[in-house]
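Here is the file upload_20.cif (mmCIF, C-alpha atoms, pLDDT in the B column; chains and numbers go by the auth columns).
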data_final
loop_
_atom_site.group_PDB
_atom_site.id
_atom_site.type_symbol
_atom_site.label_atom_id
_atom_site.label_comp_id
_atom_site.label_asym_id
_atom_site.label_seq_id
_atom_site.Cartn_x
_atom_site.Cartn_y
_atom_site.Cartn_z
_atom_site.B_iso_or_equiv
_atom_site.auth_seq_id
_atom_site.auth_asym_id
ATOM 1 C CA MET A 1 -1.569 -1.226 27.121 76.00 88 A
ATOM 2 C CA LYS A 2 1.509 -0.156 25.138 89.00 89 A
ATOM 3 C CA PHE A 3 2.829 -2.475 22.435 92.00 90 A
ATOM 4 C CA ARG A 4 6.083 -2.535 20.495 91.00 91 A
ATOM 5 C CA TYR A 5 5.462 -2.841 16.748 91.00 92 A
ATOM 6 C CA ALA A 6 7.537 -4.051 13.820 84.00 93 A
ATOM 7 C CA MET A 7 6.697 -3.321 10.184 83.00 94 A
ATOM 8 C CA VAL A 8 8.196 -5.850 7.777 80.00 95 A
ATOM 9 C CA CYS A 9 8.099 -5.968 3.978 80.00 96 A
ATOM 10 C CA SER A 10 10.329 -7.036 1.130 75.00 97 A
ATOM 11 C CA SER A 11 13.346 -5.205 -0.184 61.00 98 A
ATOM 12 C CA ASN A 12 12.045 -1.792 -1.293 58.00 99 A
ATOM 13 C CA GLN A 13 10.460 -0.998 2.071 66.00 100 A
ATOM 14 C CA ASN A 14 7.951 1.576 0.827 80.00 101 A
ATOM 15 C CA ARG A 15 4.979 0.191 2.761 79.00 102 A
ATOM 16 C CA SER A 16 6.818 -0.612 5.962 83.00 103 A
ATOM 17 C CA MET A 17 8.510 2.797 6.024 89.00 104 A
ATOM 18 C CA GLU A 18 5.266 4.657 5.318 90.00 105 A
ATOM 19 C CA ALA A 19 3.627 2.820 8.212 89.00 106 A
ATOM 20 C CA HIS A 20 6.710 3.342 10.405 92.00 107 A
ATOM 21 C CA CYS A 21 6.644 7.082 9.672 93.00 108 A
ATOM 22 C CA LEU A 22 2.930 7.444 10.422 94.00 109 A
ATOM 23 C CA LEU A 23 3.015 5.380 13.620 94.00 110 A
ATOM 24 C CA LYS A 24 6.163 7.137 14.839 95.00 111 A
ATOM 25 C CA ARG A 25 4.454 10.532 14.359 94.00 112 A
ATOM 26 C CA GLN A 26 1.550 9.234 16.442 95.00 113 A
ATOM 27 C CA GLY A 27 3.887 8.244 19.302 95.00 114 A
ATOM 28 C CA PHE A 28 3.979 4.469 18.789 95.00 115 A
ATOM 29 C CA ASP A 29 7.045 2.371 19.627 94.00 116 A
ATOM 30 C CA VAL A 30 7.788 1.074 16.127 94.00 117 A
ATOM 31 C CA ALA A 31 10.606 -0.335 14.007 91.00 118 A
ATOM 32 C CA SER A 32 10.702 -1.338 10.344 89.00 119 A
ATOM 33 C CA TYR A 33 12.565 -3.970 8.397 83.00 120 A
ATOM 34 C CA GLY A 34 12.987 -5.516 4.976 81.00 121 A
ATOM 35 C CA THR A 35 13.437 -9.201 4.250 78.00 122 A
ATOM 36 C CA GLY A 36 15.212 -9.305 0.881 78.00 123 A
ATOM 37 C CA ALA A 37 18.876 -9.928 0.253 83.00 124 A
ATOM 38 C CA HIS A 38 19.343 -6.269 -0.743 89.00 125 A
ATOM 39 C CA VAL A 39 17.393 -3.043 -0.882 92.00 126 A
ATOM 40 C CA LYS A 40 16.090 -2.735 -4.438 90.00 127 A
ATOM 41 C CA LEU A 41 14.747 0.513 -5.811 93.00 128 A
ATOM 42 C CA PRO A 42 13.414 1.017 -9.332 92.00 129 A
ATOM 43 C CA GLY A 43 16.014 2.080 -11.859 93.00 130 A
ATOM 44 C CA PRO A 44 15.809 3.432 -15.393 92.00 131 A
ATOM 45 C CA SER A 45 14.202 0.136 -16.470 90.00 132 A
ATOM 46 C CA LEU A 46 12.840 -3.008 -14.822 84.00 133 A
ATOM 47 C CA ARG A 47 16.064 -4.792 -15.735 90.00 134 A
ATOM 48 C CA GLU A 48 18.223 -2.096 -14.143 93.00 135 A
ATOM 49 C CA PRO A 49 17.178 -1.695 -10.500 93.00 136 A
ATOM 50 C CA ASN A 50 19.250 0.271 -8.050 95.00 137 A
ATOM 51 C CA VAL A 51 20.570 -2.217 -5.515 94.00 138 A
ATOM 52 C CA TYR A 52 21.974 -1.272 -2.106 95.00 139 A
ATOM 53 C CA GLU A 53 23.161 -3.249 0.877 94.00 140 A
ATOM 54 C CA PHE A 54 21.031 -3.129 4.003 93.00 141 A
ATOM 55 C CA GLY A 55 22.627 -0.592 6.314 94.00 142 A
ATOM 56 C CA THR A 56 23.357 1.866 3.484 97.00 143 A
ATOM 57 C CA PRO A 57 22.130 5.222 4.807 98.00 144 A
ATOM 58 C CA TYR A 58 19.047 6.599 3.102 97.00 145 A
ATOM 59 C CA LYS A 59 20.931 9.892 2.617 98.00 146 A
ATOM 60 C CA GLN A 60 23.592 8.053 0.618 98.00 147 A
ATOM 61 C CA MET A 61 20.921 6.418 -1.589 97.00 148 A
ATOM 62 C CA PHE A 62 19.208 9.786 -2.042 98.00 149 A
ATOM 63 C CA ASP A 63 22.464 11.492 -3.086 98.00 150 A
ATOM 64 C CA ASP A 64 23.368 8.614 -5.426 98.00 151 A
ATOM 65 C CA LEU A 65 20.036 8.701 -7.273 97.00 152 A
ATOM 66 C CA ARG A 66 19.948 12.486 -7.363 97.00 153 A
ATOM 67 C CA ARG A 67 23.392 12.376 -8.992 97.00 154 A
ATOM 68 C CA LYS A 68 22.338 9.673 -11.513 97.00 155 A
ATOM 69 C CA ASP A 69 19.064 11.150 -12.799 97.00 156 A
ATOM 70 C CA PRO A 70 17.266 13.626 -10.544 97.00 157 A
ATOM 71 C CA GLU A 71 14.283 14.112 -12.873 97.00 158 A
ATOM 72 C CA LEU A 72 13.604 10.381 -13.267 96.00 159 A
ATOM 73 C CA TYR A 73 13.818 9.619 -9.540 96.00 160 A
ATOM 74 C CA LYS A 74 11.790 12.663 -8.589 96.00 161 A
ATOM 75 C CA ARG A 75 9.109 11.820 -11.168 94.00 162 A
ATOM 76 C CA ASN A 76 8.818 8.157 -10.115 92.00 163 A
ATOM 77 C CA GLY A 77 8.609 9.121 -6.425 92.00 164 A
ATOM 78 C CA ILE A 78 11.850 7.508 -5.265 94.00 165 A
ATOM 79 C CA LEU A 79 13.565 10.739 -4.151 96.00 166 A
ATOM 80 C CA PRO A 80 10.529 11.882 -2.112 95.00 167 A
ATOM 81 C CA MET A 81 10.281 8.387 -0.593 94.00 168 A
ATOM 82 C CA LEU A 82 13.960 8.441 0.398 96.00 169 A
ATOM 83 C CA LYS A 83 13.590 11.959 1.810 96.00 170 A
ATOM 84 C CA ARG A 84 10.739 10.660 3.990 94.00 171 A
ATOM 85 C CA ASN A 85 12.867 7.705 5.047 95.00 172 A
ATOM 86 C CA ILE A 86 15.772 9.976 6.050 96.00 173 A
ATOM 87 C CA GLY A 87 13.418 11.618 8.555 95.00 174 A
ATOM 88 C CA VAL A 88 12.394 8.257 10.023 95.00 175 A
ATOM 89 C CA LYS A 89 15.700 6.441 10.552 95.00 176 A
ATOM 90 C CA LEU A 90 19.303 6.293 9.368 96.00 177 A
ATOM 91 C CA ALA A 91 19.258 3.229 7.123 96.00 178 A
ATOM 92 C CA PRO A 92 17.198 0.195 6.131 94.00 179 A
ATOM 93 C CA GLN A 93 17.531 -2.828 8.363 90.00 180 A
ATOM 94 C CA ARG A 94 17.139 -6.476 7.464 84.00 181 A
ATOM 95 C CA TRP A 95 14.689 -8.468 9.616 78.00 182 A
ATOM 96 C CA GLN A 96 16.844 -11.583 9.612 75.00 183 A
ATOM 97 C CA GLU A 97 19.800 -9.623 11.018 79.00 184 A
ATOM 98 C CA ASN A 98 18.039 -7.198 13.365 71.00 185 A
ATOM 99 C CA SER A 99 14.875 -8.781 14.726 56.00 186 A
ATOM 100 C CA ALA A 100 16.797 -9.834 17.815 58.00 187 A
ATOM 101 C CA ASP A 101 17.220 -6.113 18.646 61.00 188 A
ATOM 102 C CA GLY A 102 14.116 -6.397 20.726 65.00 189 A
ATOM 103 C CA THR A 103 10.927 -8.235 21.354 78.00 190 A
ATOM 104 C CA PHE A 104 7.924 -7.098 19.373 85.00 191 A
ATOM 105 C CA ASP A 105 4.373 -7.467 20.559 86.00 192 A
ATOM 106 C CA VAL A 106 2.875 -7.007 17.109 85.00 193 A
ATOM 107 C CA VAL A 107 4.566 -7.647 13.766 80.00 194 A
ATOM 108 C CA PHE A 108 2.886 -6.413 10.575 81.00 195 A
ATOM 109 C CA THR A 109 4.015 -7.862 7.275 78.00 196 A
ATOM 110 C CA PHE A 110 3.386 -6.155 3.963 72.00 197 A
ATOM 111 C CA GLU A 111 3.391 -8.677 1.142 61.00 198 A
ATOM 112 C CA GLU A 112 5.065 -7.139 -1.877 41.00 199 A
ATOM 113 C CA LYS A 113 4.367 -8.160 -5.415 33.00 200 A
ATOM 114 C CA VAL A 114 7.278 -9.332 -7.474 24.00 201 A
ATOM 115 C CA PHE A 115 9.764 -6.590 -8.264 25.00 202 A
ATOM 116 C CA ASP A 116 8.350 -6.135 -11.782 27.00 203 A
ATOM 117 C CA MET A 117 5.141 -4.942 -10.117 27.00 204 A
ATOM 118 C CA VAL A 118 6.885 -2.414 -7.856 26.00 205 A
ATOM 119 C CA ILE A 119 5.424 0.458 -9.821 31.00 206 A
ATOM 120 C CA GLU A 120 2.005 -0.527 -8.436 41.00 207 A
ATOM 121 C CA ASP A 121 3.336 0.011 -4.898 64.00 208 A
ATOM 122 C CA ASN A 122 2.848 3.712 -5.237 63.00 209 A
ATOM 123 C CA HIS A 123 2.819 6.295 -2.497 70.00 210 A
ATOM 124 C CA GLU A 124 -0.956 6.513 -2.445 71.00 211 A
ATOM 125 C CA GLU A 125 -1.292 2.762 -1.759 72.00 212 A
ATOM 126 C CA ALA A 126 1.473 2.937 0.837 77.00 213 A
ATOM 127 C CA ALA A 127 -0.337 5.803 2.570 83.00 214 A
ATOM 128 C CA VAL A 128 -3.615 3.846 2.609 81.00 215 A
ATOM 129 C CA GLY A 129 -1.868 0.804 4.071 83.00 216 A
ATOM 130 C CA ALA A 130 -0.104 2.926 6.664 89.00 217 A
ATOM 131 C CA ARG A 131 -3.376 4.575 7.707 89.00 218 A
ATOM 132 C CA LEU A 132 -5.084 1.187 8.056 89.00 219 A
ATOM 133 C CA THR A 133 -2.131 -0.041 10.119 89.00 220 A
ATOM 134 C CA LEU A 134 -2.446 2.975 12.409 94.00 221 A
ATOM 135 C CA ASP A 135 -6.178 2.339 12.836 92.00 222 A
ATOM 136 C CA LEU A 136 -5.552 -1.285 13.781 92.00 223 A
ATOM 137 C CA CYS A 137 -2.757 -0.360 16.206 92.00 224 A
ATOM 138 C CA GLN A 138 -5.038 2.172 17.888 93.00 225 A
ATOM 139 C CA GLU A 139 -7.740 -0.491 18.273 91.00 226 A
ATOM 140 C CA LEU A 140 -5.250 -2.892 19.869 91.00 227 A
ATOM 141 C CA GLU A 141 -3.911 -0.204 22.204 91.00 228 A
ATOM 142 C CA ALA A 142 -7.425 0.748 23.331 92.00 229 A
ATOM 143 C CA THR A 143 -8.336 -2.669 24.726 89.00 230 A
ATOM 144 C CA ASP A 144 -7.597 -3.848 28.247 89.00 231 A
ATOM 145 C CA SER A 145 -7.621 -7.543 27.412 86.00 232 A
ATOM 146 C CA TRP A 146 -6.340 -7.882 23.869 83.00 233 A
ATOM 147 C CA GLU A 147 -5.947 -11.666 24.246 84.00 234 A
ATOM 148 C CA GLU A 148 -9.718 -12.020 24.601 87.00 235 A
ATOM 149 C CA LYS A 149 -10.682 -9.379 22.049 90.00 236 A
ATOM 150 C CA VAL A 150 -8.116 -9.683 19.249 90.00 237 A
ATOM 151 C CA ASP A 151 -10.314 -11.925 17.091 89.00 238 A
ATOM 152 C CA ASP A 152 -13.234 -9.491 17.388 92.00 239 A
ATOM 153 C CA ILE A 153 -10.951 -6.511 16.681 92.00 240 A
ATOM 154 C CA ILE A 154 -9.579 -8.192 13.549 91.00 241 A
ATOM 155 C CA SER A 155 -13.044 -9.307 12.343 92.00 242 A
ATOM 156 C CA THR A 156 -14.477 -5.816 12.786 93.00 243 A
ATOM 157 C CA PHE A 157 -11.456 -4.266 11.067 90.00 244 A
ATOM 158 C CA GLU A 158 -11.750 -6.652 8.106 89.00 245 A
ATOM 159 C CA ARG A 159 -15.472 -6.023 7.756 91.00 246 A
ATOM 160 C CA GLN A 160 -15.141 -2.227 7.990 91.00 247 A
ATOM 161 C CA ASN A 161 -12.204 -2.007 5.578 86.00 248 A
ATOM 162 C CA ARG A 162 -13.097 -4.878 3.251 81.00 249 A
ATOM 163 C CA ARG A 163 -9.576 -6.268 3.573 80.00 250 A
ATOM 164 C CA LYS A 164 -8.474 -9.683 4.769 79.00 251 A
ATOM 165 C CA ILE A 165 -5.753 -9.805 7.409 81.00 252 A
ATOM 166 C CA VAL A 166 -3.570 -12.854 7.879 75.00 253 A
ATOM 167 C CA TYR A 167 -2.366 -13.003 11.467 78.00 254 A
ATOM 168 C CA ASN A 168 -1.025 -15.357 14.079 76.00 255 A
ATOM 169 C CA ILE A 169 -0.928 -15.002 17.851 77.00 256 A
ATOM 170 C CA SER A 170 2.339 -16.206 19.333 73.00 257 A
ATOM 171 C CA ILE A 171 2.874 -16.518 23.061 69.00 258 A
ATOM 172 C CA TYR A 172 6.469 -16.469 24.294 60.00 259 A
#
In structure tokens, what does this structure look like?
Amino acid sequence: MKFRYAMVCSSNQNRSMEAHCLLKRQGFDVASYGTGAHVKLPGPSLREPNVYEFGTPYKQMFDDLRRKDPELYKRNGILPMLKRNIGVKLAPQRWQENSADGTFDVVFTFEEKVFDMVIEDNHEEAAVGARLTLDLCQELEATDSWEEKVDDIISTFERQNRRKIVYNISIY
């Protein structure tokens, strides 16, 4: 069975884009979204984030930050993250404005810590989360009757990865 996936997180979109990138490379039908009012990326200090409107192309953000302080944004991983994002899609999309673009069979949400904790959402953690998301998607795709087996799939996944998943089955 082939599903359509959505990855949703808050405004900086590191986790959802990492998962989007990985699943896209593996041939999954996937989209990613943020839920904040704006796209917020770390700035020179916690009180000075870089704020962009949803729909601002990743290339524009990349060029802006490279112009402002290339060493800082390379060192903190923002330029490499934006470079990855450029290869995935044109610009960040907001869930509240774009979720009607299509019906999704599975929606993953990535709970972000408050913006002050954004430094902890590093690329290594994003990669781990993306890999776990891929594993779970592959498990769902491999079953013939997901409706009957989803609880077992989730329980096994949680036990094997020692991570709790919050999920809801919605029938439309």
* Record the distance separating atom CA of Tyr145 of chain A and atom CA of Pro129 of chain A, expressed in Å with one decimal. =>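 Atom-to-atom, atom CA of Tyr145 of chain A and atom CA of Pro129 of chain A are spaced 14.7 Å apart.
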* Asked: Evaluating the PyMOL selection byres ((chain A and resi 137) around 6) on the displayed file yields which residues, as a list of chain:residue names?
  -> A:Lys127, A:Leu128, A:Gly130, A:Pro136, A:Val138
* Do you have the atom CA of Asn255 of chain A-atom CA of Thr196 of chain A distance handy? ->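 Separation of atom CA of Asn255 of chain A and atom CA of Thr196 of chain A: 11.3 Å.
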* **Closest of A:Cys224, A:Ala178, A:Ile165, A:Leu109 to Tyr139 of chain A - atom-to-atom distances counting only C-alpha atoms** =>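 The answer is A:Ala178, which sits nearest to Tyr139 of chain A.
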* To do: Record the distance separating atom CA of Asp192 of chain A and atom CA of Arg250 of chain A, expressed in Å with one decimal.
  => 22.0 Å
* **Best match for closeness to Glu212 of chain A among A:Leu177, A:Met94, A:Ala106, A:Leu133, counting all atoms listed in the file** => A:Ala106
* Asked: Looking at A:Arg181, A:Met168, A:Leu219, A:Gln225, which one is nearest to Lys251 of chain A, with distances taken over only C-alpha atoms?
  ->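 So, comparing all the options, the nearest one is A:Leu219.
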* Asked: What lies within 12 Å of Pro157 of chain A using all atoms listed in the file, ignoring chain neighbours under 6 positions off, as a count of residues only?
  -> 10
* To do: List every protein, DNA or RNA residue that has at least one atom no more than 12 Å from (19.4, -15.2, 1.7) in the file's coordinates, counting all atoms listed in the file, and write the result as a PyMOL selection string.
  => chain A and resi 98+122-125+181-184
* Asked: Hey, what's within 7 Å of Asp231 of chain A if we count only C-alpha atoms and toss same-chain stuff fewer than 2 positions away? As number ranges by chain, please?
  -> A: 88, 229, 233
* Asked: If you apply the PyMOL selection byres ((chain A and resi 92) around 10) to this file, what residues do you get, as a ChimeraX atom specification?
  -> /A:89-91,93-95,107,110,115-119,190-195,224
* Fewer than 2 positions away in the same chain doesn't count, so skip those; otherwise give me all residues within 8 Å of Ala214 of chain A, counting only C-alpha atoms, as a ChimeraX atom specification. => /A:102,105-106,210-212,216-218
* Asked: Care to translate the PyMOL selection byres ((chain A and resi 175) around 8) into actual residues of this file, as a ChimeraX atom specification?
  -> /A:104,107-108,111,171-174,176-177
